[in-house]
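Novice: mmCIF, C-alpha atoms, file input_19.cif:
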data_entry
#
loop_
_atom_site.label_atom_id
_atom_site.label_comp_id
_atom_site.auth_asym_id
_atom_site.auth_seq_id
_atom_site.Cartn_x
_atom_site.Cartn_y
_atom_site.Cartn_z
CA MET A 88 -47.41 -26.48 3.26
CA ALA A 89 -45.06 -25.08 5.91
CA SER A 90 -42.25 -27.37 4.78
CA LEU A 91 -42.77 -26.36 1.15
CA LYS A 92 -42.61 -22.65 1.98
CA GLN A 93 -39.52 -23.16 4.11
CA ALA A 94 -37.84 -25.11 1.31
CA LYS A 95 -38.30 -22.13 -1.04
CA PHE A 96 -36.75 -19.80 1.52
CA PHE A 97 -33.86 -22.22 2.10
CA LEU A 98 -33.19 -22.29 -1.64
CA ASN A 99 -33.04 -18.48 -1.85
CA GLN A 100 -30.91 -18.34 1.28
CA ALA A 101 -28.47 -20.83 -0.23
CA LYS A 102 -28.08 -18.63 -3.32
CA GLU A 103 -27.13 -15.64 -1.16
CA ASP A 104 -24.72 -17.73 0.90
CA GLN A 105 -23.20 -19.03 -2.32
CA GLN A 106 -22.50 -15.45 -3.44
CA ILE A 107 -20.73 -14.77 -0.15
CA LEU A 108 -18.58 -17.89 -0.54
CA VAL A 109 -17.67 -16.96 -4.13
CA ASN A 110 -16.58 -13.50 -3.02
CA ASP A 111 -14.52 -15.01 -0.20
CA ILE A 112 -12.63 -17.12 -2.74
CA LEU A 113 -12.06 -14.13 -5.01
CA TYR A 114 -10.93 -12.10 -1.99
CA ASN A 115 -8.35 -14.73 -1.00
CA ALA A 116 -7.16 -14.99 -4.61
CA ALA A 117 -6.74 -11.21 -4.74
CA LEU A 118 -4.70 -11.22 -1.53
CA SER A 119 -2.42 -13.88 -2.99
CA TYR A 120 -1.96 -11.82 -6.15
CA PHE A 121 -1.20 -8.65 -4.19
CA ASN A 122 1.32 -10.54 -2.06
CA TRP A 123 3.01 -11.82 -5.22
CA LEU A 124 2.99 -8.27 -6.59
CA LYS A 125 4.68 -7.00 -3.42
CA THR A 126 7.41 -9.65 -3.39
CA TYR A 127 8.01 -9.06 -7.11
CA HIS A 128 8.63 -5.34 -6.54
CA GLN A 129 10.78 -6.05 -3.49
CA ASN A 130 12.90 -8.44 -5.52
CA ASN A 131 13.41 -5.78 -8.19
CA VAL A 132 14.53 -3.27 -5.54
CA TYR A 133 17.17 -5.64 -4.21
CA LYS A 134 18.34 -6.40 -7.75
CA GLU A 135 18.70 -2.70 -8.47
CA PHE A 136 20.78 -1.99 -5.38
CA LEU A 137 22.86 -5.13 -5.81
CA THR A 138 23.99 -3.68 -9.13
CA ASN A 139 24.90 -0.44 -7.37
CA ALA A 140 26.85 -2.33 -4.70
CA GLU A 141 28.77 -4.29 -7.33
CA THR A 142 29.69 -1.11 -9.22
CA ARG A 143 30.77 0.60 -6.01
CA PHE A 144 32.83 -2.40 -4.88
CA LYS A 145 34.70 -2.53 -8.19
CA ALA A 146 35.37 1.19 -8.08
CA THR A 147 36.60 1.00 -4.47
CA LYS A 148 38.84 -1.95 -5.20
CA ARG A 149 40.32 -0.18 -8.22
CA ALA A 150 40.91 2.97 -6.16
CA TYR A 151 42.63 0.88 -3.48
CA LEU A 152 44.94 -0.75 -6.03
CA GLU A 153 45.79 2.70 -7.33
CA GLY A 154 46.51 3.90 -3.81
CA GLU A 155 43.60 6.34 -3.63
CA LYS A 156 41.50 4.44 -1.05
CA PRO A 157 42.44 2.59 2.14
CA ALA A 158 42.04 -1.17 2.34
CA ILE A 159 39.28 -0.81 4.92
CA ASP A 160 37.04 0.75 2.27
CA THR A 161 37.22 -2.41 0.17
CA THR A 162 36.21 -4.41 3.24
CA GLU A 163 33.22 -2.17 3.85
CA ALA A 164 32.23 -2.27 0.17
CA GLY A 165 32.54 -6.07 0.25
CA ILE A 166 30.30 -6.33 3.32
CA THR A 167 27.70 -4.14 1.64
CA LEU A 168 27.85 -6.27 -1.51
CA LYS A 169 27.39 -9.50 0.47
CA THR A 170 24.50 -7.94 2.41
CA ARG A 171 22.79 -6.98 -0.83
CA LYS A 172 23.24 -10.54 -2.16
CA LEU A 173 21.81 -11.95 1.06
CA ASN A 174 18.77 -9.66 0.92
CA LEU A 175 18.23 -10.55 -2.74
CA GLU A 176 18.29 -14.26 -1.97
CA LYS A 177 15.80 -13.80 0.85
CA SER A 178 13.49 -11.80 -1.43
CA ARG A 179 13.84 -14.45 -4.14
CA ILE A 180 12.59 -17.16 -1.76
CA LYS A 181 9.65 -14.96 -0.76
CA LEU A 182 8.84 -14.43 -4.43
CA VAL A 183 8.92 -18.19 -5.09
CA LYS A 184 6.62 -18.88 -2.14
CA SER A 185 4.17 -16.15 -3.16
CA SER A 186 4.17 -17.50 -6.74
CA LEU A 187 3.27 -20.97 -5.52
CA GLU A 188 0.56 -19.53 -3.28
CA LEU A 189 -0.92 -17.64 -6.20
CA SER A 190 -0.76 -20.79 -8.34
CA ASN A 191 -3.37 -22.35 -6.03
CA PHE A 192 -5.94 -20.12 -7.73
CA LEU A 193 -4.78 -20.65 -11.32
CA TRP A 194 -6.79 -23.27 -13.22
CA LEU A 195 -7.60 -23.93 -16.84
CA ASN A 196 -11.16 -24.45 -18.06
CA ASP A 197 -10.75 -28.23 -17.93
CA ASN A 198 -9.90 -28.10 -14.19
CA THR A 199 -6.19 -28.44 -14.85
CA PRO A 200 -4.00 -26.64 -12.30
CA ILE A 201 -1.18 -24.48 -13.65
CA GLU A 202 1.92 -23.05 -12.02
CA LEU A 203 3.03 -19.45 -12.29
CA GLN A 204 6.22 -19.30 -14.37
CA GLU A 205 9.19 -17.02 -13.70
CA HIS A 206 8.92 -15.28 -17.08
CA ILE A 207 5.36 -14.10 -16.36
CA ILE A 208 5.22 -10.30 -16.26
CA LEU A 209 2.87 -8.68 -13.77
CA ASP A 210 0.39 -5.93 -14.54
CA THR A 211 2.27 -2.72 -13.75
CA ASN A 212 -1.00 -0.76 -14.04
CA THR A 213 -2.72 -2.59 -11.18
CA ILE A 214 -3.34 0.55 -9.18
CA ASN A 215 -5.46 1.95 -12.03
CA ASN A 216 -7.29 -1.31 -12.73
CA VAL A 217 -8.10 -2.51 -9.22
CA ASP A 218 -11.42 -0.63 -8.97
CA VAL A 219 -12.63 -1.90 -12.33
CA THR A 220 -11.58 -5.45 -11.50
CA PHE A 221 -13.47 -5.44 -8.21
CA ASN A 222 -16.40 -3.54 -9.77
CA ILE A 223 -16.15 -0.86 -7.07
CA ALA A 224 -15.24 2.06 -9.32
CA LEU A 225 -18.72 3.57 -8.94
CA PHE A 226 -19.24 2.50 -5.33
CA ASN A 227 -20.74 5.20 -3.13
CA ASN A 228 -21.32 4.56 0.55
CA ALA A 229 -24.17 7.09 0.61
CA ASN A 230 -26.07 5.06 -2.01
CA PHE A 231 -25.12 1.69 -0.54
CA ASP A 232 -28.35 -0.25 0.14
CA ILE A 233 -27.60 -2.52 3.06
CA ASN A 234 -30.83 -4.47 2.47
CA ASN A 235 -29.45 -5.79 -0.83
CA HIS A 236 -26.37 -7.20 0.86
CA PRO A 237 -26.30 -11.02 0.44
CA LYS A 238 -25.70 -11.60 4.16
CA ILE A 239 -28.70 -9.45 5.09
CA LYS A 240 -30.88 -11.08 2.44
CA SER A 241 -29.79 -14.50 3.69
CA LEU A 242 -30.79 -13.55 7.24
CA GLU A 243 -34.11 -12.19 5.97
CA TYR A 244 -34.91 -15.53 4.34
CA LYS A 245 -33.96 -17.28 7.57
CA ILE A 246 -36.28 -14.97 9.52
CA LYS A 247 -39.15 -15.75 7.13
CA SER A 248 -38.52 -19.46 7.57
CA LEU A 249 -38.48 -19.13 11.37
CA ASN A 250 -41.69 -17.11 11.22
CA ILE A 251 -43.40 -19.96 9.39
CA ASP A 252 -42.07 -22.37 12.01
CA LYS A 253 -43.47 -20.12 14.77
CA ASN A 254 -46.91 -20.06 13.13
CA LEU A 255 -46.80 -23.83 12.81
CA LYS A 256 -45.98 -24.20 16.50
CA LEU A 257 -48.81 -21.81 17.32
CA ASN A 258 -51.18 -23.92 15.28
CA ASN A 259 -50.23 -26.96 17.40
CA LEU A 260 -51.77 -25.21 20.43
CA LEU A 261 -55.21 -25.34 18.83
CA PRO A 262 -57.57 -28.27 19.51
CA LYS A 263 -57.96 -30.85 16.78
CA LEU A 264 -61.38 -31.54 15.29
CA ASP A 265 -61.82 -34.36 12.75
CA VAL A 266 -65.18 -34.86 11.04
CA GLN A 267 -65.85 -38.08 9.13
CA TYR A 268 -68.71 -39.02 6.80
CA ASN A 269 -68.79 -42.28 4.82
CA PHE A 270 -71.42 -43.77 2.51
CA LEU A 271 -72.16 -47.44 3.14
CA THR A 272 -72.72 -49.75 0.16
CA GLU A 273 -72.01 -53.33 -0.74
CA ASN A 274 -70.84 -52.47 -4.30
CA GLY A 275 -68.50 -49.55 -4.01
CA ASN A 276 -67.47 -49.77 -7.68
CA GLN A 277 -70.95 -48.86 -8.90
CA ILE A 278 -72.05 -45.26 -8.47
CA ASN A 279 -75.76 -46.01 -8.67
CA THR A 280 -75.57 -48.20 -5.58
CA LEU A 281 -74.80 -45.18 -3.32
CA ASN A 282 -77.66 -44.42 -0.95
CA THR A 283 -77.75 -41.33 1.21
CA GLN A 284 -79.78 -43.25 3.73
CA ASN A 285 -76.85 -45.56 4.49
CA TYR A 286 -73.90 -43.73 5.95
CA LYS A 287 -71.50 -43.60 8.85
CA ALA A 288 -70.53 -40.29 10.44
CA GLY A 289 -68.30 -39.33 13.33
CA ILE A 290 -66.60 -36.47 15.10
CA ASN A 291 -63.22 -36.69 16.79
CA PHE A 292 -62.33 -33.79 19.11
CA LYS A 293 -58.93 -33.75 20.80
CA VAL A 294 -57.62 -31.23 23.33
CA PRO A 295 -54.27 -31.74 25.15
CA LEU A 296 -54.71 -31.18 28.87
CA PHE A 297 -51.52 -29.27 29.67
CA LEU A 298 -49.93 -28.40 26.29
CA ARG A 299 -46.51 -28.34 27.98
CA LYS A 300 -44.63 -29.57 24.92
CA GLU A 301 -46.59 -27.40 22.50
CA ARG A 302 -46.17 -24.26 24.61
CA GLY A 303 -42.48 -24.99 25.03
CA ASP A 304 -41.99 -25.44 21.28
CA PHE A 305 -43.86 -22.21 20.58
CA LYS A 306 -41.78 -20.19 23.06
CA LEU A 307 -38.58 -21.66 21.67
CA SER A 308 -39.61 -20.73 18.11
CA LYS A 309 -40.33 -17.16 19.26
CA ILE A 310 -36.90 -16.92 20.91
CA LYS A 311 -35.17 -18.24 17.77
CA LEU A 312 -37.05 -15.71 15.64
CA GLN A 313 -36.21 -12.85 17.99
CA ASP A 314 -32.55 -13.90 18.10
CA LYS A 315 -32.31 -14.00 14.31
CA LYS A 316 -33.94 -10.56 13.98
CA LEU A 317 -31.42 -9.16 16.45
CA GLU A 318 -28.58 -10.82 14.53
CA ASN A 319 -29.90 -9.19 11.36
CA GLU A 320 -29.85 -5.69 12.92
CA ILE A 321 -26.37 -6.24 14.36
CA ALA A 322 -25.12 -7.42 10.97
CA LYS A 323 -26.47 -4.27 9.29
CA VAL A 324 -24.67 -2.00 11.75
CA ALA A 325 -21.45 -4.02 11.54
CA ILE A 326 -21.39 -3.97 7.73
CA LYS A 327 -22.10 -0.23 7.55
CA ASN A 328 -19.40 0.57 10.10
CA LYS A 329 -16.88 -1.65 8.35
CA VAL A 330 -17.53 -0.06 4.96
CA THR A 331 -17.22 3.43 6.48
CA ALA A 332 -13.94 2.48 8.19
CA ILE A 333 -12.55 1.06 4.94
CA GLU A 334 -13.41 4.25 3.04
CA GLN A 335 -11.65 6.33 5.71
CA GLU A 336 -8.64 4.04 5.45
CA LEU A 337 -8.52 4.39 1.67
CA ALA A 338 -8.65 8.18 1.95
CA SER A 339 -5.73 8.05 4.40
CA TYR A 340 -3.70 5.85 2.04
CA THR A 341 -4.00 8.53 -0.63
CA ILE A 342 -2.32 11.04 1.68
CA GLN A 343 0.27 8.52 2.89
CA ASN A 344 1.14 7.52 -0.66
CA ARG A 345 1.79 11.12 -1.67
CA LEU A 346 4.09 11.67 1.31
CA THR A 347 5.90 8.36 0.78
CA THR A 348 6.51 9.17 -2.89
CA ASP A 349 8.09 12.50 -1.89
CA ILE A 350 10.27 10.79 0.72
CA VAL A 351 11.55 8.23 -1.80
CA LYS A 352 12.29 11.02 -4.27
CA ASP A 353 14.20 13.07 -1.67
CA TYR A 354 16.23 10.09 -0.47
CA GLY A 355 17.09 9.34 -4.11
CA THR A 356 18.34 12.90 -4.56
CA LEU A 357 20.51 12.66 -1.43
CA LEU A 358 21.98 9.34 -2.54
CA LYS A 359 22.87 10.66 -5.99
CA ALA A 360 24.64 13.65 -4.42
CA LYS A 361 26.62 11.48 -2.00
CA ASP A 362 27.43 8.94 -4.71
CA ARG A 363 28.74 11.68 -6.98
CA LYS A 364 30.90 13.09 -4.17
CA PHE A 365 32.18 9.60 -3.37
CA PHE A 366 33.46 8.99 -6.89
CA LEU A 367 35.04 12.45 -6.78
CA GLY A 368 36.77 11.54 -3.54
CA GLU A 369 34.83 14.09 -1.48
CA SER A 370 32.68 11.67 0.54
CA SER A 371 33.14 8.46 2.46
CA LEU A 372 31.76 5.05 1.59
CA PHE A 373 30.04 4.93 4.97
CA LEU A 374 27.86 7.97 4.18
CA VAL A 375 26.99 6.60 0.74
CA ASN A 376 25.93 3.25 2.24
CA TYR A 377 23.93 5.06 4.92
CA ARG A 378 22.00 7.08 2.33
CA GLU A 379 21.45 3.97 0.24
CA VAL A 380 20.07 2.00 3.19
CA LYS A 381 17.61 4.82 3.89
CA LEU A 382 16.51 4.85 0.26
CA ILE A 383 16.02 1.08 0.27
CA GLU A 384 13.91 1.32 3.44
CA ALA A 385 11.82 4.10 1.93
CA LYS A 386 11.19 2.12 -1.26
CA LEU A 387 10.24 -1.01 0.69
CA LYS A 388 7.87 1.04 2.85
CA ALA A 389 6.29 2.45 -0.31
CA ILE A 390 5.79 -1.09 -1.61
CA ASP A 391 4.24 -2.17 1.71
CA LEU A 392 1.96 0.87 1.66
CA GLU A 393 0.80 0.06 -1.86
CA ASN A 394 0.15 -3.52 -0.79
CA ASP A 395 -1.93 -2.33 2.18
CA PHE A 396 -3.86 -0.08 -0.21
CA PHE A 397 -4.65 -3.01 -2.50
CA LYS A 398 -5.66 -5.23 0.41
CA THR A 399 -8.00 -2.53 1.67
CA LYS A 400 -9.61 -2.34 -1.78
CA ALA A 401 -10.09 -6.10 -1.58
CA SER A 402 -11.61 -5.69 1.90
CA LEU A 403 -14.14 -3.23 0.48
CA PHE A 404 -15.03 -5.77 -2.20
CA LYS A 405 -15.46 -8.46 0.46
CA ALA A 406 -17.43 -6.27 2.86
CA THR A 407 -19.93 -5.11 0.25
CA VAL A 408 -20.04 -8.50 -1.58
CA ILE A 409 -20.41 -6.79 -4.93
CA SER A 410 -20.64 -9.20 -7.83
CA ILE A 411 -17.87 -8.70 -10.40
CA HIS A 412 -20.35 -9.67 -13.12
CA GLU A 413 -22.73 -6.79 -12.46
#
Rewrite the coordinates I just gave you, this time as structure tokens.
Specialist:
Amino acid sequence: MASLKQAKFFLNQAKEDQQILVNDILYNAALSYFNWLKTYHQNNVYKEFLTNAETRFKATKRAYLEGEKPAIDTTEAGITLKTRKLNLEKSRIKLVKSSLELSNFLWLNDNTPIELQEHIILDTNTINNVDVTFNIALFNNANFDINNHPKIKSLEYKIKSLNIDKNLKLNNLLPKLDVQYNFLTENGNQINTLNTQNYKAGINFKVPLFLRKERGDFKLSKIKLQDKKLENEIAKVAIKNKVTAIEQELASYTIQNRLTTDIVKDYGTLLKAKDRKFFLGESSLFLVNYREVKLIEAKLKAIDLENDFFKTKASLFKATVISIHE
């Protein structure tokens, strides 16, 4: 009976553990997608500024041939152009690697793996869809029931199983009493031959003298049960603290994103002003390149910040183990 009850608990525990494993796979797939999204945006940034560098190099070279710019400006414009090409090539390799990494999670219904193609266009509205995708749009930490968390439920089933094992070990400390009663007859196949006057009866009483093994097993089962209960309480605190920390992090990203957006906008304004002055002959190529480098850095930081925001959303999904089918 104890084994049967434990088997039922093991089955329920396996279902909860399965949910955790499924969410881990979805979490890793999401990270791969967000990494591909980041490298895709980075590649577009380098493409954009490579075009600017090419236009500026042609203009500088034409001005040099017309005697309006010194030769050194063409050298500087050429270095900038080559640097942009180098950065674009590096970003292209990162994009290829992230595409292949994401392809590990792309399968057709007939278990056929597929590879992400270059012409695939990403979802530009990811930031508005991420909560719906992870089913965390309505998540509220105040209403979060930690007892329904799959890890906690799995530990609860384990505790119930260990409690049955403890009771079984306790039962082994009791003395054993076997009572036997048998009718005696020469023709056992015939009911009418049974006679209550002919019988054999017996009592078997067994008591271990020291019960060392039984007491040891019982103490060990109590320690295992106590250890698992403590693990359960620690897990509850750890999950709650992690969820709270993630929510604080997400709130901070909202502020950081607003500031980063303003910084990118301001750097863009400065670059346009310097670029306009450069083509009018009122600014140097060095200052234009300096402003452009700052704008590139700001845009890349904005992309990294968005990526961190997405990964934190995925961490909330993993920490709470919310089913996407709910």
Novice: As a list in words, please: the residues near Leu193 of chain A (cut-off 8 Å, all atoms listed in the file, same-chain neighbours under 3 positions excluded).
Specialist: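 Counting only the stated atoms, we get Leu189, Ser190, Pro200, Ile201, Glu202 and Leu203 of chain A.
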Novice: Of the candidates A:Leu346, A:Thr211, A:Asn139, A:His128, which shows the shortest atom-to-atom distance to Leu358 of chain A, using all atoms listed in the file?
Specialist: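 Closest residue, counting all atoms listed in the file: A:Asn139.
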Novice: Using all atoms listed in the file, find the one residue out of A:Lys381, A:Lys300, A:Lys388, A:His236 that sits nearest to Leu357 of chain A.
Specialist: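 Selected residue with least distance to Leu357 of chain A: A:Lys381.
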Novice: For Thr331 of chain A, which residue out of A:Leu264, A:Val351, A:Ala229, A:Leu173 is the nearest one, using all atoms listed in the file?
Specialist: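 Among A:Leu264, A:Val351, A:Ala229, A:Leu173, it is A:Ala229 that comes nearest to Thr331 of chain A.
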Novice: Quick one: everything within 10 Å of Ser371 of chain A, counting only C-alpha atoms, minus sequence neighbours fewer than 4 positions away in the same chain. Send it as a list in words.
Specialist: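 With the cut-off at 10 Å, the set is Lys156, Asp160, Lys361, Asp362, Lys364, Phe365, Phe366, Val375 and Asn376 of chain A.
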Novice: Just how far from atom CA of Glu334 of chain A is atom CA of Ile223 of chain A, in Å to one decimal?
Specialist: 11.7 Å
Novice: Quick one: distance from atom CA of Tyr133 of chain A to atom CA of Leu175 of chain A in Å, one decimal?
Specialist: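 Taking atom CA of Tyr133 of chain A and atom CA of Leu175 of chain A, their separation equals 5.2 Å.
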Novice: Report the residues retrieved by the PyMOL selection byres ((chain A and resi 405) around 9) from the displayed file, expressed as a PyMOL selection string.
Specialist: chain A and resi 107+110-111+113-114+400-404+406-409
Novice: Working from the structure I just supplied, which lacks atoms in segment 380-406 of chain A, can you model N, CA and C atoms there and output them as an mmCIF file, in the frame of the given file?
Specialist:
data_model
loop_
_atom_site.group_PDB
_atom_site.id
_atom_site.type_symbol
_atom_site.label_atom_id
_atom_site.label_comp_id
_atom_site.auth_asym_id
_atom_site.auth_seq_id
_atom_site.Cartn_x
_atom_site.Cartn_y
_atom_site.Cartn_z
ATOM 1 N N VAL A 380 20.927 2.796 2.305
ATOM 2 C CA VAL A 380 20.070 2.000 3.190
ATOM 3 C C VAL A 380 18.750 2.728 3.453
ATOM 4 N N LYS A 381 18.813 4.029 3.665
ATOM 5 C CA LYS A 381 17.610 4.820 3.890
ATOM 6 C C LYS A 381 16.698 4.815 2.661
ATOM 7 N N LEU A 382 17.300 4.875 1.490
ATOM 8 C CA LEU A 382 16.510 4.850 0.260
ATOM 9 C C LEU A 382 15.845 3.487 0.074
ATOM 10 N N ILE A 383 16.585 2.431 0.381
ATOM 11 C CA ILE A 383 16.020 1.080 0.270
ATOM 12 C C ILE A 383 14.833 0.936 1.227
ATOM 13 N N GLU A 384 15.000 1.396 2.462
ATOM 14 C CA GLU A 384 13.910 1.320 3.440
ATOM 15 C C GLU A 384 12.697 2.109 2.970
ATOM 16 N N ALA A 385 12.933 3.281 2.407
ATOM 17 C CA ALA A 385 11.820 4.100 1.930
ATOM 18 C C ALA A 385 11.080 3.419 0.782
ATOM 19 N N LYS A 386 11.822 2.809 -0.133
ATOM 20 C CA LYS A 386 11.190 2.120 -1.260
ATOM 21 C C LYS A 386 10.391 0.896 -0.790
ATOM 22 N N LEU A 387 10.948 0.159 0.167
ATOM 23 C CA LEU A 387 10.240 -1.010 0.690
ATOM 24 C C LEU A 387 8.979 -0.592 1.438
ATOM 25 N N LYS A 388 9.056 0.541 2.169
ATOM 26 C CA LYS A 388 7.870 1.040 2.850
ATOM 27 C C LYS A 388 6.806 1.478 1.845
ATOM 28 N N ALA A 389 7.241 2.050 0.733
ATOM 29 C CA ALA A 389 6.290 2.450 -0.310
ATOM 30 C C ALA A 389 5.603 1.221 -0.911
ATOM 31 N N ILE A 390 6.367 0.158 -1.081
ATOM 32 C CA ILE A 390 5.790 -1.090 -1.610
ATOM 33 C C ILE A 390 4.791 -1.672 -0.611
ATOM 34 N N ASP A 391 5.154 -1.668 0.679
ATOM 35 C CA ASP A 391 4.240 -2.170 1.710
ATOM 36 C C ASP A 391 2.963 -1.324 1.770
ATOM 37 N N LEU A 392 3.124 -0.013 1.634
ATOM 38 C CA LEU A 392 1.960 0.870 1.660
ATOM 39 C C LEU A 392 1.035 0.596 0.489
ATOM 40 N N GLU A 393 1.608 0.388 -0.686
ATOM 41 C CA GLU A 393 0.800 0.060 -1.860
ATOM 42 C C GLU A 393 0.083 -1.263 -1.659
ATOM 43 N N ASN A 394 0.763 -2.217 -1.054
ATOM 44 C CA ASN A 394 0.150 -3.520 -0.790
ATOM 45 C C ASN A 394 -1.014 -3.380 0.189
ATOM 46 N N ASP A 395 -0.833 -2.569 1.225
ATOM 47 C CA ASP A 395 -1.930 -2.330 2.180
ATOM 48 C C ASP A 395 -3.114 -1.652 1.484
ATOM 49 N N PHE A 396 -2.813 -0.755 0.554
ATOM 50 C CA PHE A 396 -3.860 -0.080 -0.210
ATOM 51 C C PHE A 396 -4.663 -1.089 -1.027
ATOM 52 N N PHE A 397 -3.970 -1.997 -1.695
ATOM 53 C CA PHE A 397 -4.650 -3.010 -2.500
ATOM 54 C C PHE A 397 -5.481 -3.939 -1.621
ATOM 55 N N LYS A 398 -4.933 -4.335 -0.483
ATOM 56 C CA LYS A 398 -5.660 -5.230 0.410
ATOM 57 C C LYS A 398 -6.913 -4.552 0.972
ATOM 58 N N THR A 399 -6.834 -3.249 1.195
ATOM 59 C CA THR A 399 -8.000 -2.530 1.670
ATOM 60 C C THR A 399 -9.078 -2.452 0.585
ATOM 61 N N LYS A 400 -8.657 -2.289 -0.664
ATOM 62 C CA LYS A 400 -9.610 -2.340 -1.780
ATOM 63 C C LYS A 400 -10.299 -3.702 -1.818
ATOM 64 N N ALA A 401 -9.516 -4.756 -1.599
ATOM 65 C CA ALA A 401 -10.090 -6.100 -1.580
ATOM 66 C C ALA A 401 -11.051 -6.261 -0.396
ATOM 67 N N SER A 402 -10.725 -5.623 0.726
ATOM 68 C CA SER A 402 -11.610 -5.690 1.900
ATOM 69 C C SER A 402 -12.941 -4.999 1.615
ATOM 70 N N LEU A 403 -12.901 -3.899 0.870
ATOM 71 C CA LEU A 403 -14.140 -3.230 0.480
ATOM 72 C C LEU A 403 -14.986 -4.132 -0.405
ATOM 73 N N PHE A 404 -14.339 -4.817 -1.321
ATOM 74 C CA PHE A 404 -15.030 -5.770 -2.200
ATOM 75 C C PHE A 404 -15.668 -6.890 -1.379
ATOM 76 N N LYS A 405 -14.929 -7.375 -0.371
ATOM 77 C CA LYS A 405 -15.460 -8.460 0.460
ATOM 78 C C LYS A 405 -16.575 -7.982 1.355
ATOM 79 N N ALA A 406 -16.428 -6.779 1.923
ATOM 80 C CA ALA A 406 -17.430 -6.270 2.860
ATOM 81 C C ALA A 406 -18.752 -5.987 2.173
#
